[in-house]
Each structure stands twice: as C-alpha cells, then as structure tokens.
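See below for work.cif, which holds mmCIF, C-alpha atoms and all ligand atoms.
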data_upload
loop_
_atom_site.group_PDB
_atom_site.id
_atom_site.type_symbol
_atom_site.label_atom_id
_atom_site.label_comp_id
_atom_site.auth_asym_id
_atom_site.auth_seq_id
_atom_site.Cartn_x
_atom_site.Cartn_y
_atom_site.Cartn_z
ATOM 1 C CA MET A 1 0.000 0.000 0.000
ATOM 2 C CA LEU A 2 1.093 3.593 -0.649
ATOM 3 C CA PRO A 3 1.862 5.564 2.523
ATOM 4 C CA PRO A 4 -1.188 7.283 4.015
ATOM 5 C CA ALA A 5 -1.617 10.931 2.970
ATOM 6 C CA ASP A 6 -0.940 12.197 6.475
ATOM 7 C CA TRP A 7 2.298 10.260 7.008
ATOM 8 C CA GLN A 8 5.132 12.772 7.153
ATOM 9 C CA PRO A 9 8.491 12.009 8.770
ATOM 10 C CA ARG A 10 10.008 14.794 10.846
ATOM 11 C CA ALA A 11 13.519 16.168 10.560
ATOM 12 C CA PRO A 12 15.061 17.095 13.941
ATOM 13 C CA LEU A 13 16.719 20.513 14.308
ATOM 14 C CA GLU A 14 19.996 20.599 16.255
ATOM 15 C CA SER A 15 22.620 23.236 16.961
ATOM 16 C CA LEU A 16 25.878 22.786 15.093
ATOM 17 C CA HIS A 17 29.107 23.254 17.009
ATOM 18 C CA LEU A 18 32.169 24.096 14.924
ATOM 19 C CA ASP A 19 35.104 26.285 15.899
ATOM 20 C CA TRP A 20 34.947 28.469 12.789
ATOM 21 C CA LEU A 21 31.320 29.340 13.542
ATOM 22 C CA THR A 22 32.141 30.242 17.134
ATOM 23 C CA ARG A 23 35.043 32.421 15.963
ATOM 24 C CA ALA A 24 32.778 34.306 13.544
ATOM 25 C CA GLY A 25 29.933 34.655 16.051
ATOM 26 C CA VAL A 26 27.592 32.946 13.560
ATOM 27 C CA GLU A 27 25.057 30.426 14.852
ATOM 28 C CA VAL A 28 23.986 27.480 12.714
ATOM 29 C CA ALA A 29 21.297 24.887 13.357
ATOM 30 C CA VAL A 30 21.151 21.717 11.237
ATOM 31 C CA LEU A 31 17.859 20.332 10.019
ATOM 32 C CA ARG A 32 18.696 16.624 9.937
ATOM 33 C CA LEU A 33 16.919 15.150 6.938
ATOM 34 C CA ASP A 34 19.331 12.259 7.296
ATOM 35 C CA LEU A 35 17.454 11.241 10.462
ATOM 36 C CA ILE A 36 13.830 11.265 9.326
ATOM 37 C CA ASP A 37 13.276 7.492 9.358
ATOM 38 C CA PRO A 38 15.212 4.276 9.959
ATOM 39 C CA LEU A 39 14.925 3.280 6.273
ATOM 40 C CA ILE A 40 14.150 6.431 4.287
ATOM 41 C CA SER A 41 16.655 9.282 4.301
ATOM 42 C CA GLY A 42 17.150 12.786 2.988
ATOM 43 C CA ASN A 43 15.495 15.416 0.839
ATOM 44 C CA LYS A 44 14.460 12.747 -1.679
ATOM 45 C CA TRP A 45 11.530 11.672 0.525
ATOM 46 C CA PHE A 46 10.120 15.214 0.519
ATOM 47 C CA LYS A 47 10.581 15.531 -3.262
ATOM 48 C CA LEU A 48 8.760 12.207 -3.674
ATOM 49 C CA SER A 49 5.838 13.090 -1.423
ATOM 50 C CA GLY A 50 3.993 15.127 -4.075
ATOM 51 C CA TYR A 51 4.377 12.271 -6.553
ATOM 52 C CA LEU A 52 3.059 9.830 -3.964
ATOM 53 C CA ALA A 53 0.007 12.054 -3.554
ATOM 54 C CA ALA A 54 -0.488 12.061 -7.336
ATOM 55 C CA ALA A 55 -0.100 8.273 -7.399
ATOM 56 C CA ARG A 56 -2.745 7.892 -4.671
ATOM 57 C CA GLN A 57 -5.066 10.169 -6.594
ATOM 58 C CA ALA A 58 -4.520 8.171 -9.804
ATOM 59 C CA GLY A 59 -5.316 4.957 -7.940
ATOM 60 C CA ALA A 60 -1.837 3.574 -8.636
ATOM 61 C CA GLU A 61 -0.404 0.776 -6.517
ATOM 62 C CA GLY A 62 3.240 1.770 -6.690
ATOM 63 C CA LEU A 63 5.878 3.909 -8.410
ATOM 64 C CA ILE A 64 8.387 3.577 -11.242
ATOM 65 C CA SER A 65 11.336 5.948 -11.687
ATOM 66 C CA LEU A 66 14.879 6.358 -13.025
ATOM 67 C CA GLY A 67 18.402 6.936 -11.759
ATOM 68 C CA GLY A 68 22.017 5.831 -11.634
ATOM 69 C CA ALA A 69 23.750 3.057 -9.709
ATOM 70 C CA HIS A 70 24.420 5.410 -6.730
ATOM 71 C CA SER A 71 21.080 7.233 -6.882
ATOM 72 C CA ASN A 72 19.829 8.668 -3.574
ATOM 73 C CA HIS A 73 16.480 9.156 -5.278
ATOM 74 C CA LEU A 74 15.975 5.489 -6.212
ATOM 75 C CA HIS A 75 17.257 4.539 -2.770
ATOM 76 C CA ALA A 76 14.606 6.668 -1.030
ATOM 77 C CA LEU A 77 11.895 5.351 -3.352
ATOM 78 C CA ALA A 78 12.869 1.716 -2.825
ATOM 79 C CA ALA A 79 13.103 2.287 0.952
ATOM 80 C CA ALA A 80 9.621 3.808 1.018
ATOM 81 C CA GLY A 81 8.319 0.840 -1.000
ATOM 82 C CA LYS A 82 9.849 -1.540 1.497
ATOM 83 C CA ARG A 83 8.630 0.482 4.496
ATOM 84 C CA PHE A 84 5.005 0.633 3.322
ATOM 85 C CA GLY A 85 4.852 -2.472 1.153
ATOM 86 C CA PHE A 86 4.154 -0.943 -2.262
ATOM 87 C CA PRO A 87 5.805 -2.137 -5.499
ATOM 88 C CA THR A 88 8.666 -0.103 -6.989
ATOM 89 C CA VAL A 89 10.483 -0.379 -10.300
ATOM 90 C CA GLY A 90 13.819 1.314 -11.032
ATOM 91 C CA LEU A 91 15.106 2.054 -14.524
ATOM 92 C CA LEU A 92 18.868 2.303 -14.255
ATOM 93 C CA ARG A 93 21.448 4.155 -16.312
ATOM 94 C CA GLY A 94 24.164 2.057 -17.929
ATOM 95 C CA HIS A 95 24.954 -1.624 -17.627
ATOM 96 C CA PRO A 96 24.493 -3.841 -14.570
ATOM 97 C CA VAL A 97 26.969 -3.082 -11.776
ATOM 98 C CA GLN A 98 26.803 -4.123 -8.155
ATOM 99 C CA THR A 99 27.152 -1.061 -5.904
ATOM 100 C CA PRO A 100 26.100 -0.819 -2.239
ATOM 101 C CA THR A 101 23.141 1.261 -3.453
ATOM 102 C CA VAL A 102 22.097 -1.374 -6.000
ATOM 103 C CA GLY A 103 22.388 -4.039 -3.280
ATOM 104 C CA ASP A 104 19.954 -2.029 -1.133
ATOM 105 C CA LEU A 105 17.533 -1.496 -4.027
ATOM 106 C CA GLN A 106 17.437 -5.272 -4.518
ATOM 107 C CA ALA A 107 17.113 -5.946 -0.785
ATOM 108 C CA PHE A 108 14.232 -3.443 -0.601
ATOM 109 C CA GLY A 109 12.474 -5.421 -3.346
ATOM 110 C CA MET A 110 12.743 -2.882 -6.164
ATOM 111 C CA GLU A 111 12.510 -4.458 -9.605
ATOM 112 C CA LEU A 112 15.450 -3.231 -11.683
ATOM 113 C CA HIS A 113 15.882 -2.750 -15.427
ATOM 114 C CA TRP A 114 19.241 -1.636 -16.808
ATOM 115 C CA LEU A 115 18.672 0.596 -19.811
ATOM 116 C CA GLY A 116 22.255 0.977 -21.053
ATOM 117 C CA TYR A 117 23.485 4.510 -21.782
ATOM 118 C CA GLY A 118 21.625 5.100 -25.050
ATOM 119 C CA GLY A 119 18.429 3.696 -23.587
ATOM 120 C CA TYR A 120 18.766 5.997 -20.598
ATOM 121 C CA ARG A 121 19.383 9.028 -22.803
ATOM 122 C CA ALA A 122 16.050 8.310 -24.466
ATOM 123 C CA ARG A 123 14.227 9.111 -21.206
ATOM 124 C CA HIS A 124 13.205 12.558 -22.480
ATOM 125 C CA ALA A 125 11.724 11.175 -25.723
ATOM 126 C CA PRO A 126 7.962 11.684 -25.961
ATOM 127 C CA ASP A 127 7.201 7.951 -26.235
ATOM 128 C CA PHE A 128 9.658 6.798 -23.529
ATOM 129 C CA TRP A 129 7.072 6.297 -20.797
ATOM 130 C CA ALA A 130 4.391 4.728 -23.007
ATOM 131 C CA SER A 131 5.989 1.271 -23.169
ATOM 132 C CA TRP A 132 6.754 1.232 -19.429
ATOM 133 C CA GLN A 133 3.238 2.386 -18.649
ATOM 134 C CA GLN A 134 1.950 -0.459 -20.790
ATOM 135 C CA ARG A 135 4.134 -2.949 -18.989
ATOM 136 C CA TYR A 136 3.336 -1.587 -15.520
ATOM 137 C CA PRO A 137 -0.165 -0.084 -15.807
ATOM 138 C CA HIS A 138 -0.601 -0.125 -12.013
ATOM 139 C CA LEU A 139 2.500 2.030 -11.383
ATOM 140 C CA HIS A 140 2.805 5.827 -11.407
ATOM 141 C CA GLY A 141 5.796 7.282 -13.274
ATOM 142 C CA VAL A 142 8.122 9.687 -11.441
ATOM 143 C CA PRO A 143 10.655 11.762 -13.424
ATOM 144 C CA GLU A 144 14.355 11.441 -12.681
ATOM 145 C CA GLY A 145 15.169 12.796 -9.217
ATOM 146 C CA ALA A 146 11.485 13.690 -8.597
ATOM 147 C CA GLY A 147 12.127 17.194 -9.911
ATOM 148 C CA GLY A 148 9.805 19.943 -11.090
ATOM 149 C CA LEU A 149 7.178 21.916 -9.230
ATOM 150 C CA ILE A 150 5.571 18.761 -7.742
ATOM 151 C CA GLY A 151 8.909 17.768 -6.206
ATOM 152 C CA ALA A 152 9.622 21.321 -5.017
ATOM 153 C CA ARG A 153 6.222 21.754 -3.353
ATOM 154 C CA GLY A 154 6.838 18.618 -1.283
ATOM 155 C CA CYS A 155 9.823 20.359 0.339
ATOM 156 C CA GLY A 156 7.796 23.304 1.646
ATOM 157 C CA VAL A 157 6.820 21.363 4.770
ATOM 158 C CA LEU A 158 10.469 21.528 5.867
ATOM 159 C CA LEU A 159 10.030 25.204 6.751
ATOM 160 C CA ASP A 160 7.108 24.316 9.032
ATOM 161 C CA GLN A 161 9.177 21.604 10.677
ATOM 162 C CA LEU A 162 12.097 23.918 11.337
ATOM 163 C CA SER A 163 9.930 26.827 12.539
ATOM 164 C CA GLU A 164 8.215 24.582 15.067
ATOM 165 C CA GLN A 165 11.572 23.594 16.520
ATOM 166 C CA LEU A 166 13.134 27.067 16.820
ATOM 167 C CA PRO A 167 11.900 27.743 20.379
ATOM 168 C CA ALA A 168 13.613 24.573 21.633
ATOM 169 C CA LEU A 169 16.918 26.086 20.444
ATOM 170 C CA GLY A 170 16.099 29.406 22.054
ATOM 171 C CA TRP A 171 15.767 31.057 18.632
ATOM 172 C CA ASP A 172 12.857 33.335 17.784
ATOM 173 C CA ASP A 173 13.820 33.482 14.095
ATOM 174 C CA TYR A 174 16.593 32.738 11.596
ATOM 175 C CA HIS A 175 18.160 34.768 8.803
ATOM 176 C CA GLY A 176 18.234 32.182 6.015
ATOM 177 C CA CYS A 177 18.668 28.578 4.932
ATOM 178 C CA TRP A 178 21.800 27.046 3.419
ATOM 179 C CA LEU A 179 21.689 23.759 1.510
ATOM 180 C CA ALA A 180 23.335 21.692 -1.197
ATOM 181 C CA ALA A 181 21.748 22.046 -4.637
ATOM 182 C CA GLY A 182 21.913 19.469 -7.428
ATOM 183 C CA THR A 183 18.946 20.242 -9.679
ATOM 184 C CA GLY A 184 17.824 23.072 -7.375
ATOM 185 C CA THR A 185 14.374 21.505 -6.863
ATOM 186 C CA THR A 186 14.648 21.387 -3.067
ATOM 187 C CA LEU A 187 15.977 24.949 -3.024
ATOM 188 C CA ALA A 188 13.061 26.101 -5.205
ATOM 189 C CA GLY A 189 10.618 24.471 -2.765
ATOM 190 C CA LEU A 190 12.125 26.395 0.137
ATOM 191 C CA VAL A 191 12.138 29.662 -1.830
ATOM 192 C CA LEU A 192 8.439 29.192 -2.627
ATOM 193 C CA ALA A 193 7.644 28.433 1.006
ATOM 194 C CA GLU A 194 9.695 31.400 2.288
ATOM 195 C CA ALA A 195 7.769 33.717 -0.063
ATOM 196 C CA GLY A 196 10.544 36.302 0.150
ATOM 197 C CA HIS A 197 10.743 36.390 3.961
ATOM 198 C CA ARG A 198 14.283 35.042 4.200
ATOM 199 C CA PRO A 199 16.909 34.221 1.571
ATOM 200 C CA VAL A 200 17.767 30.636 0.623
ATOM 201 C CA TYR A 201 21.399 29.900 -0.248
ATOM 202 C CA GLY A 202 22.066 27.009 -2.614
ATOM 203 C CA ALA A 203 25.585 25.549 -2.578
ATOM 204 C CA LEU A 204 25.900 24.105 -6.082
ATOM 205 C CA ALA A 205 27.162 20.516 -6.193
ATOM 206 C CA VAL A 206 27.303 20.746 -9.997
ATOM 207 C CA PRO A 207 29.163 23.239 -12.226
ATOM 208 C CA THR A 208 27.490 26.623 -12.666
ATOM 209 C CA ASP A 209 26.821 25.924 -16.375
ATOM 210 C CA HIS A 210 24.612 22.915 -15.584
ATOM 211 C CA GLY A 211 21.434 24.931 -15.939
ATOM 212 C CA VAL A 212 20.403 25.039 -12.294
ATOM 213 C CA ALA A 213 19.564 28.773 -12.313
ATOM 214 C CA PRO A 214 17.127 28.548 -15.261
ATOM 215 C CA LEU A 215 15.542 25.418 -13.792
ATOM 216 C CA VAL A 216 14.995 27.092 -10.414
ATOM 217 C CA THR A 217 13.594 30.186 -12.151
ATOM 218 C CA ALA A 218 11.214 28.007 -14.197
ATOM 219 C CA ILE A 219 9.902 26.220 -11.093
ATOM 220 C CA LEU A 220 9.490 29.531 -9.255
ATOM 221 C CA GLU A 221 7.588 31.057 -12.174
ATOM 222 C CA GLU A 222 5.346 28.028 -12.513
ATOM 223 C CA GLY A 223 4.755 28.098 -8.757
ATOM 224 C CA GLY A 224 3.865 31.794 -8.870
ATOM 225 C CA ALA A 225 6.657 32.860 -6.501
ATOM 226 C CA MET A 226 6.251 36.339 -5.055
ATOM 227 C CA SER A 227 9.558 38.196 -4.587
ATOM 228 C CA PRO A 228 11.760 35.058 -4.632
ATOM 229 C CA ALA A 229 14.949 35.465 -2.603
ATOM 230 C CA PHE A 230 17.761 33.039 -3.341
ATOM 231 C CA GLU A 231 21.409 32.872 -4.272
ATOM 232 C CA LEU A 232 23.440 30.114 -5.924
ATOM 233 C CA ILE A 233 27.009 29.632 -4.752
ATOM 234 C CA ASP A 234 29.596 27.555 -6.615
ATOM 235 C CA ALA A 235 30.522 24.702 -4.279
ATOM 236 C CA CYS A 236 31.309 21.846 -6.708
ATOM 237 C CA ARG A 237 35.115 22.037 -6.446
ATOM 238 C CA GLY A 238 35.794 21.320 -10.111
ATOM 239 C CA GLY A 239 32.841 19.087 -10.930
ATOM 240 C CA PHE A 240 30.086 16.881 -9.553
ATOM 241 C CA ALA A 241 31.604 13.851 -7.799
ATOM 242 C CA LYS A 242 35.083 15.491 -7.817
ATOM 243 C CA VAL A 243 36.618 14.939 -4.425
ATOM 244 C CA ASP A 244 39.902 16.427 -3.164
ATOM 245 C CA PRO A 245 42.010 15.988 -0.019
ATOM 246 C CA ALA A 246 41.067 19.398 1.405
ATOM 247 C CA LEU A 247 37.392 18.460 1.203
ATOM 248 C CA LEU A 248 37.938 15.062 2.815
ATOM 249 C CA GLY A 249 40.033 16.635 5.574
ATOM 250 C CA PHE A 250 37.339 19.228 6.206
ATOM 251 C CA ILE A 251 34.659 16.522 6.437
ATOM 252 C CA GLU A 252 36.709 14.491 8.873
ATOM 253 C CA GLN A 253 37.382 17.510 11.076
ATOM 254 C CA SER A 254 33.753 18.632 10.999
ATOM 255 C CA GLU A 255 32.531 15.173 11.941
ATOM 256 C CA GLN A 256 34.946 15.015 14.857
ATOM 257 C CA GLN A 257 33.830 18.404 16.170
ATOM 258 C CA SER A 258 30.110 18.206 15.545
ATOM 259 C CA ALA A 259 29.278 14.483 15.378
ATOM 260 C CA VAL A 260 27.165 15.201 12.284
ATOM 261 C CA PRO A 261 28.041 12.718 9.494
ATOM 262 C CA LEU A 262 28.593 14.179 6.014
ATOM 263 C CA GLU A 263 29.243 12.763 2.549
ATOM 264 C CA PRO A 264 31.551 14.325 -0.033
ATOM 265 C CA LEU A 265 29.184 14.997 -2.972
ATOM 266 C CA TYR A 266 26.552 17.257 -1.452
ATOM 267 C CA THR A 267 26.542 17.950 2.275
ATOM 268 C CA GLY A 268 30.337 18.068 2.727
ATOM 269 C CA LYS A 269 30.746 20.479 -0.178
ATOM 270 C CA ALA A 270 27.825 22.609 0.995
ATOM 271 C CA LEU A 271 29.238 22.952 4.509
ATOM 272 C CA LEU A 272 32.723 23.721 3.170
ATOM 273 C CA ALA A 273 31.268 26.472 0.954
ATOM 274 C CA LEU A 274 29.539 27.890 4.040
ATOM 275 C CA GLN A 275 32.794 27.781 5.963
ATOM 276 C CA GLU A 276 34.523 29.719 3.161
ATOM 277 C CA GLN A 277 31.831 32.407 3.149
ATOM 278 C CA VAL A 278 31.695 32.679 6.943
ATOM 279 C CA SER A 279 35.479 32.916 7.172
ATOM 280 C CA ALA A 280 35.465 35.632 4.503
ATOM 281 C CA GLY A 281 33.156 37.674 6.736
ATOM 282 C CA ARG A 282 30.043 37.237 4.632
ATOM 283 C CA PHE A 283 27.746 37.049 7.683
ATOM 284 C CA VAL A 284 27.838 39.541 10.559
ATOM 285 C CA PRO A 285 28.168 38.222 14.124
ATOM 286 C CA GLY A 286 24.775 37.281 15.521
ATOM 287 C CA THR A 287 23.568 35.808 12.219
ATOM 288 C CA ARG A 288 21.495 32.653 12.621
ATOM 289 C CA LEU A 289 21.386 30.218 9.723
ATOM 290 C CA VAL A 290 19.745 26.843 9.187
ATOM 291 C CA PHE A 291 21.860 24.278 7.329
ATOM 292 C CA LEU A 292 19.734 21.591 5.705
ATOM 293 C CA HIS A 293 21.399 18.205 5.955
ATOM 294 C CA THR A 294 19.930 16.724 2.781
ATOM 295 C CA GLY A 295 21.044 13.141 3.561
ATOM 296 C CA GLY A 296 22.873 11.101 0.931
ATOM 297 C CA LEU A 297 24.880 9.143 3.472
ATOM 298 C CA GLN A 298 24.000 5.828 1.824
ATOM 299 C CA GLY A 299 26.026 6.943 -1.233
ATOM 300 C CA ARG A 300 29.071 7.501 0.954
ATOM 301 C CA ARG A 301 29.734 3.760 0.956
ATOM 302 C CA GLY A 302 31.143 4.190 -2.551
ATOM 303 C CA PHE A 303 33.976 6.288 -1.071
ATOM 304 C CA THR A 304 36.732 5.563 1.362
ATOM 305 C CA LEU A 305 36.837 8.561 3.672
HETATM 306 C C1 LIG A 401 19.718 14.928 -4.545
HETATM 307 C C2 LIG A 401 20.473 15.534 -3.427
HETATM 308 C C3 LIG A 401 20.650 16.924 -3.321
HETATM 309 C C4 LIG A 401 20.164 17.872 -4.373
HETATM 310 O O1 LIG A 401 18.767 18.056 -4.385
HETATM 311 P P1 LIG A 401 18.123 18.909 -5.553
HETATM 312 O O2 LIG A 401 16.700 19.021 -5.177
HETATM 313 O O3 LIG A 401 18.319 18.131 -6.824
HETATM 314 O O4 LIG A 401 18.839 20.202 -5.629
HETATM 315 C C5 LIG A 401 21.333 17.419 -2.226
HETATM 316 N N1 LIG A 401 21.830 16.602 -1.295
HETATM 317 C C6 LIG A 401 21.688 15.272 -1.366
HETATM 318 C C7 LIG A 401 22.293 14.439 -0.302
HETATM 319 C C8 LIG A 401 21.005 14.691 -2.422
HETATM 320 O O5 LIG A 401 20.871 13.359 -2.483
#
Could I get this structure in the form of structure tokens?
Amino acid sequence: MLPPADWQPRAPLESLHLDWLTRAGVEVAVLRLDLIDPLISGNKWFKLSGYLAAARQAGAEGLISLGGAHSNHLHALAAAGKRFGFPTVGLLRGHPVQTPTVGDLQAFGMELHWLGYGGYRARHAPDFWASWQQRYPHLHGVPEGAGGLIGARGCGVLLDQLSEQLPALGWDDYHGCWLAAGTGTTLAGLVLAEAGHRPVYGALAVPTDHGVAPLVTAILEEGGAMSPAFELIDACRGGFAKVDPALLGFIEQSEQQSAVPLEPLYTGKALLALQEQVSAGRFVPGTRLVFLHTGGLQGRRGFTL
C-alpha cells in the first residue's frame, strides 16, 4: 500500500558546534533530513511526497522511476516501497553493476531494469514512458530525481518543521537557509515556502553551467513565486563527484567536532562552501542560519573517507 496521505516524517533541528562558527559569532542549526526514518533518508523523501500524492489520486499501486547506480532518489523510493509495502520499479542508467546502493535497491524489493546509456538518454523522448506504462499499468511514473514543481512543493513542509523547533533552540527566528543544490528543486521548494521572507542559499554541487539557475527560475515562475529570494554559490570544487584531499580533511574535522556525518558529494561540499563564506566575513556576528542536511549518506559507501 502507498503511505497514508498524512504520514510525514520529521527532521530534527539541532545546533551545530564548529570552531569556525564560534570564531565568527555565527550560529547554525542543522535540520537533519538524514534522520527522518530508519529506512528512508534525505530530501528525496520530501521531493517524492507530491508524486506519492499524485499516485494515490490516480489509484496507482506503486511507483516507477529512473536513476544511476548510486542514486539517492531510487534509494529513497525503494526504501519507502519496502517500508510501506508498495511495489517499486527502477530504470537504471548504464549496464548492470553491483554497488552498495544497488544491493539495497534489490534488498528493498525494487525491480530493476538496466537501460544501457543510449536507452537511458532516451528518457526525455515523448514515447519513452508509453511502453513502461503499458508494462506496468498499475504504477505511477516519477521523473528522474522527482524534480519539477511537484517535487519542489513537497519540500515546503520543511520550513514548518524547522519553525516549530526554533523555540527549543532558544531562537525566535533565523536569517536564512543554506543547503546543497543538485537540480535546485529542493531549493526552489524552500524559496516558494519562504515567499521572500528570508533568503535561501544554494551551494551548487554541480558546475554553474549545468542549468540550475534557469531550472529554479522556471519552477518559481510556474509556482507563482512572489519576490523570490535566493542565491546560488559555486561549491562543486571542479565538478560533480570530484573529491579532493582538502574536502575530505574538512569533512573528517567537521565530523569530529560536531558528530554530524557528512558525505563528499553534497553535504560536505555545501558545509565547506559555508565555511569559506563565513570565514570571509560574509555574515555579521549574531547571524542565525539553518543548514539543511539533505542526507545522501548511503552513497558515501562508494567512497573511502
Ligand atoms: C539529490 C540531493 C541533493 C540535491 O537536491 P536537488 O533538489 O536536486 O537540488 C542534495 N543533497 C543530497 C544528499 C542529495 O541526495
């Protein structure tokens, strides 16, 4: 069965203790999307939630989607299928490989089809979904990464969750959110929900020419955003999935100080970009920021940290 409409996991908000924040007089709280559920992790759940609602409305029994052999998106989908007992099908890029992620997808009961590279590139063709829909008429199709306005809207609830938890930290407000951006869908969801009240900072995990800005703008326009306030910051360190010793050292040090686990592709790069901006004096003392831990820790098994 699909999860009930009112099932929503909650991300805990915690203060983040790091020496460079203390030195700058900047306070940061982390919204731990990596801790929402024992099986499901990260922003991908929230991006999926709108598609789950659409699937319920369409009377579908389960979901079918696409991704790569390390995909956090397919991982979250397969985990949700396992958690609630609904069928999931994953269409994978490339040729069969056994990664820790793929092992989990199989263990969660996701049915996998490897499309090759050419077959995967065809995913934007107008007739791509028709044959899969014919084969799996009881499943609802979800675009790669659960992007678009439907995916973005599902992330709006995160602002409610963090606002509710501010008093427990002794905060009456915050000045902005900082998070890793891949497609920018999650960022767009926060910008829509903020409605111009506070800026949202997106630390780009992909190069600046990957079309994130136009995609975010398109989602915001479609969502009718009033006075959108956001900024994209280059955080990719030479390319998506490029990892360097300084980054790995920073992650190790941050984990030792804060006990918050990070991975190198998104959350580690996003926090390092924040450290660079804070150290450069970007935020005045007394600034309070919320760092969204978008999850992704399952993908870390592909790396030796
Ligand atoms: C997918 C992902 C992101 C990027 O989310 P977008 O909505 O595509 O910007 C950030 N962090 C992690 C851990 C992710 O898995």
Quiz item: Do you know which residues the PyMOL selection byres (((not hetatm)) within 9 of (chain A and resi 401)) returns on this file, as an NGL selection string?
Solution: :A and (34 or 41-44 or 47 or 71-73 or 145-147 or 151-152 or 155 or 179-189 or 202 or 204-205 or 212 or 262-263 or 265-267 or 270 or 292-297 or 299)
Quiz item: With all atoms listed in the file as the basis for distance, which of A:Met110, A:Leu271, A:Val28, A:Met226 is at the shortest distance from Leu63 of chain A?
Solution: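 Residue with the minimum atom-to-atom distance to Leu63 of chain A: A:Met110.
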Listed atoms of segment 43-62 of chain A boxed along x, y and z, 5 Å each side, centre and edge lengths in Å, one decimal, as JSON:
{"center_x": 5.1, "center_y": 8.2, "center_z": -4.5, "size_x": 30.8, "size_y": 24.8, "size_z": 20.6}
Quiz item: What does the PyMOL selection byres (((chain A and resi 23) around 12) and not hetatm) select in this file, as a ChimeraX atom specification?
Solution: /A:17-22,24-27,275,278-281,283-286
Practice problem: Show me as number ranges by chain the residues that reach within 10 Å of (-1.3, 9.9, -14.4), counting all atoms listed in the file and using the file's own coordinates. | Solution: A: 51, 54-55, 57-60, 133, 139-142
Exercise. Report the distance between atom CA of Trp132 of chain A and atom CA of Glu144 of chain A in Å, rounded to one decimal place.
Key: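 Separation of atom CA of Trp132 of chain A and atom CA of Glu144 of chain A: 14.4 Å.
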Quiz item: So which residues get picked by the PyMOL selection byres (((chain A and resi 163) around 12) and not hetatm) here, written as a PyMOL selection string?
Solution: chain A and resi 11-13+29+31+156-162+164-174+176-177+193-194+290
Quiz item: Given the choices A:Phe108, A:Leu48, A:Gly238, A:Gly85, which gets closest to Gly148 of chain A if the distance is worked out from all atoms listed in the file?
Solution: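 For Gly148 of chain A, the nearest of the candidates is A:Leu48.
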Quiz prompt | Local residues around (31.3, 3.1, -2.2), at most 9 Å away, using all atoms listed in the file, as a list in words | solution = His70, Thr99, Pro100, Thr101, Gln298, Gly299, Arg300, Arg301, Gly302, Phe303 and Thr304 of chain A
Self-check item: Atom pair atom CA of Ala203 of chain A / atom CA of Leu232 of chain A: separation (Å)
Solution: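 About the pair atom CA of Ala203 of chain A and atom CA of Leu232 of chain A: they are 6.1 Å apart.
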Practice problem: Give the answer as one residue: which of A:Ile64, A:Ile36, A:Cys236, A:Ala218 has the shortest atom-to-atom distance to Arg135 of chain A, using all atoms listed in the file? | Solution: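 The shortest atom-to-atom distance to Arg135 of chain A comes from A:Ile64.
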Self-check item: Which of A:Val97, A:Leu91, A:Val102, A:Val216 sits closest to Gly119 of chain A [using only C-alpha atoms]
Solution: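 Closest to Gly119 of chain A of all the choices is A:Leu91.
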Quiz prompt | Atomic separation - atom CA of Gly68 of chain A relative to atom CA of Leu52 of chain A, Å | solution =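 Rounded to one decimal, the two atoms are 20.8 Å apart.
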Quiz item: Near Leu220 of chain A, within 8 Å and counting all atoms listed in the file, which residues show up once chain neighbours fewer than 5 positions away are dropped, as a list in words?
Solution: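 Returned residues: Leu149, Ala188, Val191, Leu192, Ala225 and Pro228 of chain A.
If you measure from each of A:Gly50, A:Pro126, A:Pro9, A:Gly268 to Leu33 of chain A using only C-alpha atoms, the closest one turns out to be A:Pro9.
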